[in-house]
Amino acid sequence: MLLHHMDQDELLDTCDLHQRTIIHIDIDCFYAQVEELRNPLLRTKPLGIQQKNIIVTCNYIARQFGVHKLMLLSEAKKLCPQLTLVNGEDLTNYRKISARIFDILLMFTPFVEKLGMDENWLDVTEVVNKKLEELGDCTPIREGFIYPEDASLGSCSCGCEKRLILGTHLAKEIRSRLHEELGITSCAGIAHNKLMAKLIGSKNKPNKQTVLAPKFSQSVLSEMNSIRDITGIGEKFEKMLNEIDVKSVRDLQLIELDKLKRVFGYDQATKLKDFSFGIDNTLVKTSGKPKSISLEDACKSISLRAEVEEKFRVLVTRLALLIADDGRIPISIKIILRKFDGTKRVSHRETKQANIQPTIFKEVDGKIQLVDGGQQILLDVVMKLFEKTIDMKKSFNITLLGLAFTKFQQQNKGGRIANYFIKKSDIEVQSITSFSSDGYSPNGSMMDTHNRHGMSRLSSSPMGMDLDAASDTTSIASCSSDVSESDLEPSPKKKRGFPFAKRRSHLNPIDCYDASPSKLSCRVGDLRLNSREFDSVPSTSTPTHSPSIAKQFNAQPITPPTSSTQNEPVVLSKETFKELPLDVQQELLETWCLPIPKSLAQATSTQTSGKAKSNTLHRYFIANKQT
DNA sequence: AAGCCCCAG
DNA sequence: CATTCTGGGGCTT
């Protein structure tokens, strides 16, 4: 999978680079759209979403005045005195719409990875490949924009062309669905990996979609202004890169890998180098329930215990509302606080957590609630934590208070893999295996659904017709006026007796979607037989241009690293491996196989030495502290 | 596991 | 410069 050491020609010729089809969906100015749904009158006005003293996002009308994300309120008002403001400090509604978006995306593939409230990646490789089989010789015409503008997808020998074109159809359908069901507009990027899908999706905004001609990945990257545009490179990484004279993506492409390794360690250096060429082997990681649920409130200055307690009381109440929907019982709580500190440039947070008794929660109609007096117990725990963090004898000055539930009863201690072997009780595993066995399985498969829409469009609708133009005029009005506040609430028609009713709504085909359950389509049989991971890397059944890599994947029995937490090492045959649910397969591959260090591939050992400890960042800061 | 840091939108 | 309100992941202890 590590391809940077190959010649560039060889790299470009290597067909397996484009085997996947990934769609990145990005909701246009998400918070602003949600507020416009709640109050359609806002749609014609410049709108800013305010949190404390800043505009965190704004609609496109406001952007015409020069208002932009994270702008100071005072500055925005200067640029646009008539700016309408909506307070967006409470994220409840955004969370709800975000969950509904996620639910809709899940109808297209189970492989959906959420990034923040408003972005998702979908791995639609399987969907597209099935569609491809039925397509025969016919060459479809793409939807939306292509990058570069005058490029064609036509000349790649790996056959990615048709896959990506089908990807554009799927992307259009996904965006149409989001618009029909929720009244929101979005952008999509279609490419052969996550990095490129995200980057290319932002080329045409808003409410548009763009597909990348894969052979132009490199030039997309080299044309970028800042290395910060590469996901994963933030302020600190940029600084570290600057110190070894890497100022642009082009520099990153050109720097010796060894030099990069010295600063970042093997894993990070390899990834950075790959990214600079548009190579991204990371998998779309299916998002499940959140690992933590948190709330925080920034404030000017709090220096009295009573004030702290009052703030925490409000937060506890709000947090209780959040976990009601989640369905899991929290067993650990964490406080987060920020002290005023003139000496530090970056805001420094302190946290302290404690376990809580699950008995302070009860379940009512599938909802988790605090028992009587539970709120006070929780608040007492929180205040104890606070007093452990802050020396009450001295004066203090708090500028942020936060609370988080960090552990949950239903969450697995040993991770999903361990749990799968111990007892098949894992939520996410079950969620997949349950779809076809509960009587909710649709008559048609996912492909049938897509064919009804996708294929008929191929034959009957005007080719290349742009959704972007159409959607502005068609259903926005009807949708936005339909979505009232009550629509933001969870679906009222909760079905009793559904085996997994307690779980997140998207796991329940009845609850998660207003339309008929037959639209939901996900067959376990298909999922299990199609080993996406083995398809996405060279496999025995597929001839490959990089046999050495294929050998690594097929010759070796899959052996987990010896774990100190497990009594017996588990050895899997490849056959057994393929029987596992895909998300488990994915996690296993991520854990053991990706990336495979060159040295280890050559060695006789089957171990991948766990993590190659890239503590360079930490060392860097320790070193800098001393200077 | 707890606590800190960095990253993302 | 960070600034808001989150959520994920990695590292050291």
# chains A, B, ... in the order shown; residues from 1 in each chain; ligands from 1

$ interface_residues --of "chain C" --to "chain A" --cutoff "8 Å" --atoms "only C-alpha atoms (C1' of nucleotides)" --output "list of chain:residue names"
C:DA2, C:DT3, C:DT4, C:DC5, C:DT6, C:DG7, C:DC11

$ write_last_selection --atoms "N, CA and C atoms (P, O5', C5', C4', C3', O3' and C1' of nucleotides)" --output "PDB file, in the first residue's frame"
ATOM      1  P    DA C   2      -4.244  30.815  16.493  1.00  0.00           P
ATOM      2  O5'  DA C   2      -5.042  30.607  17.860  1.00  0.00           O
ATOM      3  C5'  DA C   2      -4.536  31.166  19.068  1.00  0.00           C
ATOM      4  C4'  DA C   2      -5.639  31.866  19.829  1.00  0.00           C
ATOM      5  C3'  DA C   2      -6.898  31.014  20.014  1.00  0.00           C
ATOM      6  O3'  DA C   2      -7.430  31.287  21.302  1.00  0.00           O
ATOM      7  C1'  DA C   2      -7.461  32.969  18.838  1.00  0.00           C
ATOM      8  P    DT C   3      -8.517  30.330  21.957  1.00  0.00           P
ATOM      9  O5'  DT C   3      -9.873  31.079  21.613  1.00  0.00           O
ATOM     10  C5'  DT C   3     -10.034  32.444  22.027  1.00  0.00           C
ATOM     11  C4'  DT C   3     -11.197  33.035  21.309  1.00  0.00           C
ATOM     12  C3'  DT C   3     -12.415  32.116  21.206  1.00  0.00           C
ATOM     13  O3'  DT C   3     -13.316  32.482  22.228  1.00  0.00           O
ATOM     14  C1'  DT C   3     -12.057  33.447  19.238  1.00  0.00           C
ATOM     15  P    DT C   4     -14.127  31.325  22.930  1.00  0.00           P
ATOM     16  O5'  DT C   4     -15.201  30.883  21.841  1.00  0.00           O
ATOM     17  C5'  DT C   4     -16.363  31.658  21.622  1.00  0.00           C
ATOM     18  C4'  DT C   4     -17.449  30.734  21.073  1.00  0.00           C
ATOM     19  C3'  DT C   4     -17.688  29.500  21.948  1.00  0.00           C
ATOM     20  O3'  DT C   4     -19.076  29.367  22.155  1.00  0.00           O
ATOM     21  C1'  DT C   4     -17.190  28.852  19.702  1.00  0.00           C
ATOM     22  P    DC C   5     -19.587  28.487  23.403  1.00  0.00           P
ATOM     23  O5'  DC C   5     -19.785  27.066  22.714  1.00  0.00           O
ATOM     24  C5'  DC C   5     -20.804  26.911  21.731  1.00  0.00           C
ATOM     25  C4'  DC C   5     -20.731  25.511  21.183  1.00  0.00           C
ATOM     26  C3'  DC C   5     -20.583  24.414  22.247  1.00  0.00           C
ATOM     27  O3'  DC C   5     -21.396  23.308  21.879  1.00  0.00           O
ATOM     28  C1'  DC C   5     -18.868  24.222  20.676  1.00  0.00           C
ATOM     29  P    DT C   6     -21.829  22.192  22.911  1.00  0.00           P
ATOM     30  O5'  DT C   6     -20.456  21.414  23.140  1.00  0.00           O
ATOM     31  C5'  DT C   6     -20.321  20.064  22.764  1.00  0.00           C
ATOM     32  C4'  DT C   6     -19.848  19.920  21.311  1.00  0.00           C
ATOM     33  C3'  DT C   6     -19.335  18.534  21.012  1.00  0.00           C
ATOM     34  O3'  DT C   6     -20.409  17.740  20.571  1.00  0.00           O
ATOM     35  C1'  DT C   6     -18.031  20.257  19.934  1.00  0.00           C
ATOM     36  P    DG C   7     -20.481  16.221  21.015  1.00  0.00           P
ATOM     37  O5'  DG C   7     -19.271  15.530  20.239  1.00  0.00           O
ATOM     38  C5'  DG C   7     -19.472  15.002  18.948  1.00  0.00           C
ATOM     39  C4'  DG C   7     -18.129  14.558  18.429  1.00  0.00           C
ATOM     40  C3'  DG C   7     -17.480  13.422  19.230  1.00  0.00           C
ATOM     41  O3'  DG C   7     -17.445  12.243  18.433  1.00  0.00           O
ATOM     42  C1'  DG C   7     -15.931  15.138  18.675  1.00  0.00           C
ATOM     43  P    DC C  11       0.928   7.661  18.936  1.00  0.00           P
ATOM     44  O5'  DC C  11       1.437   8.331  20.284  1.00  0.00           O
ATOM     45  C5'  DC C  11       1.927   9.668  20.261  1.00  0.00           C
ATOM     46  C4'  DC C  11       1.982  10.182  21.681  1.00  0.00           C
ATOM     47  C3'  DC C  11       2.697   9.227  22.636  1.00  0.00           C
ATOM     48  O3'  DC C  11       3.966   9.773  22.988  1.00  0.00           O
ATOM     49  C1'  DC C  11       0.660  10.102  23.566  1.00  0.00           C
TER      50       DC C  11
END

$ interface_residues --of "chain A" --to "chain B" --cutoff "8 Å" --atoms "only C-alpha atoms (C1' of nucleotides)" --output "list in words"
Leu115, Gly116, Met117, Asp118, Glu119, Gly232, Ile233, Gly234, Lys236, Glu350, Thr351, Lys352 and Gln353 of chain A

$ atom_distance --atom1 "CA of Gly167 (chain A)" --atom2 "CA of Ile23 (chain A)"
7.2 Å

$ select_by_dssp --residues "region 159-352 of chain A" --states "strand (DSSP E)" --output "number ranges by chain"
A: 186-191, 209-212, 293-302, 330-339, 349-352

$ closest_residue --among "A:His179, A:Lys194, A:Lys339, A:Lys344" --to "Asn281 (chain A)" --atoms "only C-alpha atoms"
A:Lys194

$ select_by_dssp --residues "region 237-266 of chain A" --states "helix (DSSP H, G or I)" --output "number ranges by chain"
A: 237-243, 249-254, 257-266

$ write_last_selection --atoms "C-alpha atoms" --output "PDB file, in the first residue's frame"
ATOM      1  CA  PHE A 237       2.434  20.399  11.909  1.00  0.00           C
ATOM      2  CA  GLU A 238       2.779  23.371   9.625  1.00  0.00           C
ATOM      3  CA  LYS A 239       5.317  24.914  11.978  1.00  0.00           C
ATOM      4  CA  MET A 240       7.294  21.697  12.158  1.00  0.00           C
ATOM      5  CA  LEU A 241       7.251  21.398   8.395  1.00  0.00           C
ATOM      6  CA  ASN A 242       8.343  24.996   7.969  1.00  0.00           C
ATOM      7  CA  GLU A 243      11.365  24.281  10.103  1.00  0.00           C
ATOM      8  CA  VAL A 249       2.629  21.145  -0.929  1.00  0.00           C
ATOM      9  CA  ARG A 250       5.139  21.178  -3.759  1.00  0.00           C
ATOM     10  CA  ASP A 251       7.932  21.279  -1.164  1.00  0.00           C
ATOM     11  CA  LEU A 252       6.356  18.332   0.569  1.00  0.00           C
ATOM     12  CA  GLN A 253       6.299  16.412  -2.685  1.00  0.00           C
ATOM     13  CA  LEU A 254       9.970  17.112  -3.260  1.00  0.00           C
ATOM     14  CA  LEU A 257      11.206  10.934   2.705  1.00  0.00           C
ATOM     15  CA  ASP A 258      14.039  10.133   5.104  1.00  0.00           C
ATOM     16  CA  LYS A 259      14.258  13.754   6.149  1.00  0.00           C
ATOM     17  CA  LEU A 260      10.543  13.744   6.828  1.00  0.00           C
ATOM     18  CA  LYS A 261      10.816  10.523   8.813  1.00  0.00           C
ATOM     19  CA  ARG A 262      13.404  12.026  11.105  1.00  0.00           C
ATOM     20  CA  VAL A 263      10.954  14.670  12.204  1.00  0.00           C
ATOM     21  CA  PHE A 264       7.642  12.853  12.037  1.00  0.00           C
ATOM     22  CA  GLY A 265       8.426   9.179  12.379  1.00  0.00           C
ATOM     23  CA  TYR A 266       7.667   6.512   9.840  1.00  0.00           C
TER      24      TYR A 266
END

$ residues_around --residues "Leu401 (chain A)" --least-positions-apart "2" --cutoff "12 Å" --atoms "only C-alpha atoms (C1' of nucleotides)" --output "PyMOL selection string"
(chain A and resi 294-303+307-316+334-340+349-352+382-383+386+397-399+403-404) or (chain C and resi 5)

$ write_last_selection --atoms "C-alpha atoms (C1' of nucleotides)" --output "short mmCIF file (atom, residue, chain, number, x, y, z; two decimals), in the first residue's frame"
data_model
loop_
_atom_site.label_atom_id
_atom_site.label_comp_id
_atom_site.auth_asym_id
_atom_site.auth_seq_id
_atom_site.Cartn_x
_atom_site.Cartn_y
_atom_site.Cartn_z
CA SER A 294 -20.06 16.81 25.79
CA LEU A 295 -21.26 20.34 26.41
CA GLU A 296 -19.29 23.45 27.10
CA ASP A 297 -19.93 27.08 27.75
CA ALA A 298 -17.35 29.78 27.40
CA CYS A 299 -17.66 32.82 29.63
CA LYS A 300 -15.90 36.08 30.40
CA SER A 301 -14.88 35.39 33.94
CA ILE A 302 -16.22 33.26 36.74
CA SER A 303 -14.55 33.57 40.11
CA GLU A 307 -21.46 30.84 39.90
CA VAL A 308 -19.62 27.70 38.91
CA GLU A 309 -22.24 25.53 40.52
CA GLU A 310 -25.03 27.38 38.74
CA LYS A 311 -23.33 26.96 35.36
CA PHE A 312 -22.71 23.28 36.02
CA ARG A 313 -26.34 22.82 37.10
CA VAL A 314 -27.51 24.07 33.73
CA LEU A 315 -24.99 21.89 31.93
CA VAL A 316 -26.02 18.78 33.87
CA LYS A 334 -15.56 14.59 33.02
CA ILE A 335 -15.37 18.27 33.79
CA ILE A 336 -13.54 20.59 31.44
CA LEU A 337 -12.36 24.02 32.44
CA ARG A 338 -10.22 26.79 31.18
CA LYS A 339 -8.54 29.18 33.56
CA PHE A 340 -7.63 32.64 32.51
CA ARG A 349 -7.86 23.23 29.29
CA GLU A 350 -7.86 21.14 32.38
CA THR A 351 -10.01 18.07 32.78
CA LYS A 352 -10.85 15.73 35.61
CA VAL A 382 -19.08 17.53 39.35
CA MET A 383 -18.43 20.03 42.12
CA PHE A 386 -14.09 21.03 40.41
CA ASN A 397 -10.76 33.00 37.09
CA ILE A 398 -12.62 30.55 34.89
CA THR A 399 -13.27 31.31 31.23
CA LEU A 403 -19.08 18.54 31.00
CA ALA A 404 -18.74 15.27 29.15
"C1'" DC C 5 -18.87 24.22 20.68
#

$ atom_distance --atom1 "CA of Asp103 (chain A)" --atom2 "CA of Gln369 (chain A)"
24.3 Å

$ atom_distance --atom1 "CA of Gly154 (chain A)" --atom2 "CA of His18 (chain A)"
13.1 Å

$ decode --residues "chain C" --atoms "N, CA and C atoms (P, O5', C5', C4', C3', O3' and C1' of nucleotides)" --output "PDB file, in the first residue's frame"
ATOM      1  P    DC C   1      -0.708  34.571  12.744  1.00  0.00           P
ATOM      2  O5'  DC C   1      -1.883  33.567  13.060  1.00  0.00           O
ATOM      3  C5'  DC C   1      -2.981  33.889  13.937  1.00  0.00           C
ATOM      4  C4'  DC C   1      -2.579  33.868  15.390  1.00  0.00           C
ATOM      5  C3'  DC C   1      -3.681  33.350  16.294  1.00  0.00           C
ATOM      6  O3'  DC C   1      -3.304  32.095  16.796  1.00  0.00           O
ATOM      7  C1'  DC C   1      -3.199  35.651  16.774  1.00  0.00           C
ATOM      8  P    DA C   2      -4.244  30.815  16.493  1.00  0.00           P
ATOM      9  O5'  DA C   2      -5.042  30.607  17.860  1.00  0.00           O
ATOM     10  C5'  DA C   2      -4.536  31.166  19.068  1.00  0.00           C
ATOM     11  C4'  DA C   2      -5.639  31.866  19.829  1.00  0.00           C
ATOM     12  C3'  DA C   2      -6.898  31.014  20.014  1.00  0.00           C
ATOM     13  O3'  DA C   2      -7.430  31.287  21.302  1.00  0.00           O
ATOM     14  C1'  DA C   2      -7.461  32.969  18.838  1.00  0.00           C
ATOM     15  P    DT C   3      -8.517  30.330  21.957  1.00  0.00           P
ATOM     16  O5'  DT C   3      -9.873  31.079  21.613  1.00  0.00           O
ATOM     17  C5'  DT C   3     -10.034  32.444  22.027  1.00  0.00           C
ATOM     18  C4'  DT C   3     -11.197  33.035  21.309  1.00  0.00           C
ATOM     19  C3'  DT C   3     -12.415  32.116  21.206  1.00  0.00           C
ATOM     20  O3'  DT C   3     -13.316  32.482  22.228  1.00  0.00           O
ATOM     21  C1'  DT C   3     -12.057  33.447  19.238  1.00  0.00           C
ATOM     22  P    DT C   4     -14.127  31.325  22.930  1.00  0.00           P
ATOM     23  O5'  DT C   4     -15.201  30.883  21.841  1.00  0.00           O
ATOM     24  C5'  DT C   4     -16.363  31.658  21.622  1.00  0.00           C
ATOM     25  C4'  DT C   4     -17.449  30.734  21.073  1.00  0.00           C
ATOM     26  C3'  DT C   4     -17.688  29.500  21.948  1.00  0.00           C
ATOM     27  O3'  DT C   4     -19.076  29.367  22.155  1.00  0.00           O
ATOM     28  C1'  DT C   4     -17.190  28.852  19.702  1.00  0.00           C
ATOM     29  P    DC C   5     -19.587  28.487  23.403  1.00  0.00           P
ATOM     30  O5'  DC C   5     -19.785  27.066  22.714  1.00  0.00           O
ATOM     31  C5'  DC C   5     -20.804  26.911  21.731  1.00  0.00           C
ATOM     32  C4'  DC C   5     -20.731  25.511  21.183  1.00  0.00           C
ATOM     33  C3'  DC C   5     -20.583  24.414  22.247  1.00  0.00           C
ATOM     34  O3'  DC C   5     -21.396  23.308  21.879  1.00  0.00           O
ATOM     35  C1'  DC C   5     -18.868  24.222  20.676  1.00  0.00           C
ATOM     36  P    DT C   6     -21.829  22.192  22.911  1.00  0.00           P
ATOM     37  O5'  DT C   6     -20.456  21.414  23.140  1.00  0.00           O
ATOM     38  C5'  DT C   6     -20.321  20.064  22.764  1.00  0.00           C
ATOM     39  C4'  DT C   6     -19.848  19.920  21.311  1.00  0.00           C
ATOM     40  C3'  DT C   6     -19.335  18.534  21.012  1.00  0.00           C
ATOM     41  O3'  DT C   6     -20.409  17.740  20.571  1.00  0.00           O
ATOM     42  C1'  DT C   6     -18.031  20.257  19.934  1.00  0.00           C
ATOM     43  P    DG C   7     -20.481  16.221  21.015  1.00  0.00           P
ATOM     44  O5'  DG C   7     -19.271  15.530  20.239  1.00  0.00           O
ATOM     45  C5'  DG C   7     -19.472  15.002  18.948  1.00  0.00           C
ATOM     46  C4'  DG C   7     -18.129  14.558  18.429  1.00  0.00           C
ATOM     47  C3'  DG C   7     -17.480  13.422  19.230  1.00  0.00           C
ATOM     48  O3'  DG C   7     -17.445  12.243  18.433  1.00  0.00           O
ATOM     49  C1'  DG C   7     -15.931  15.138  18.675  1.00  0.00           C
ATOM     50  P    DG C   8     -16.738  10.933  18.978  1.00  0.00           P
ATOM     51  O5'  DG C   8     -15.317  11.007  18.252  1.00  0.00           O
ATOM     52  C5'  DG C   8     -15.248  11.105  16.832  1.00  0.00           C
ATOM     53  C4'  DG C   8     -13.798  10.991  16.422  1.00  0.00           C
ATOM     54  C3'  DG C   8     -13.073   9.833  17.102  1.00  0.00           C
ATOM     55  O3'  DG C   8     -12.353   9.078  16.142  1.00  0.00           O
ATOM     56  C1'  DG C   8     -11.929  11.882  17.516  1.00  0.00           C
ATOM     57  P    DG C   9     -11.708   7.690  16.616  1.00  0.00           P
ATOM     58  O5'  DG C   9     -10.176   8.067  16.778  1.00  0.00           O
ATOM     59  C5'  DG C   9      -9.500   8.714  15.720  1.00  0.00           C
ATOM     60  C4'  DG C   9      -8.154   9.158  16.221  1.00  0.00           C
ATOM     61  C3'  DG C   9      -7.398   8.072  16.992  1.00  0.00           C
ATOM     62  O3'  DG C   9      -6.125   7.909  16.408  1.00  0.00           O
ATOM     63  C1'  DG C   9      -7.419  10.108  18.189  1.00  0.00           C
ATOM     64  P    DG C  10      -5.193   6.686  16.809  1.00  0.00           P
ATOM     65  O5'  DG C  10      -3.902   7.410  17.395  1.00  0.00           O
ATOM     66  C5'  DG C  10      -3.425   8.616  16.795  1.00  0.00           C
ATOM     67  C4'  DG C  10      -2.407   9.236  17.722  1.00  0.00           C
ATOM     68  C3'  DG C  10      -1.565   8.218  18.478  1.00  0.00           C
ATOM     69  O3'  DG C  10      -0.217   8.653  18.484  1.00  0.00           O
ATOM     70  C1'  DG C  10      -2.644   9.667  20.004  1.00  0.00           C
ATOM     71  P    DC C  11       0.928   7.661  18.936  1.00  0.00           P
ATOM     72  O5'  DC C  11       1.437   8.331  20.284  1.00  0.00           O
ATOM     73  C5'  DC C  11       1.927   9.668  20.261  1.00  0.00           C
ATOM     74  C4'  DC C  11       1.982  10.182  21.681  1.00  0.00           C
ATOM     75  C3'  DC C  11       2.697   9.227  22.636  1.00  0.00           C
ATOM     76  O3'  DC C  11       3.966   9.773  22.988  1.00  0.00           O
ATOM     77  C1'  DC C  11       0.660  10.102  23.566  1.00  0.00           C
ATOM     78  P    DT C  12       4.913   8.985  23.967  1.00  0.00           P
ATOM     79  O5'  DT C  12       4.456   9.523  25.389  1.00  0.00           O
ATOM     80  C5'  DT C  12       4.537  10.919  25.659  1.00  0.00           C
ATOM     81  C4'  DT C  12       4.145  11.175  27.104  1.00  0.00           C
ATOM     82  C3'  DT C  12       4.936  10.366  28.139  1.00  0.00           C
ATOM     83  O3'  DT C  12       5.274  11.255  29.196  1.00  0.00           O
ATOM     84  C1'  DT C  12       2.619   9.964  28.414  1.00  0.00           C
ATOM     85  P    DT C  13       6.300  10.776  30.339  1.00  0.00           P
ATOM     86  O5'  DT C  13       5.345  10.413  31.541  1.00  0.00           O
ATOM     87  C5'  DT C  13       4.437  11.413  32.031  1.00  0.00           C
ATOM     88  C4'  DT C  13       3.398  10.758  32.914  1.00  0.00           C
ATOM     89  C3'  DT C  13       3.971   9.796  33.957  1.00  0.00           C
ATOM     90  O3'  DT C  13       3.988  10.450  35.209  1.00  0.00           O
ATOM     91  C1'  DT C  13       1.974   8.960  32.923  1.00  0.00           C
TER      92       DT C  13
END
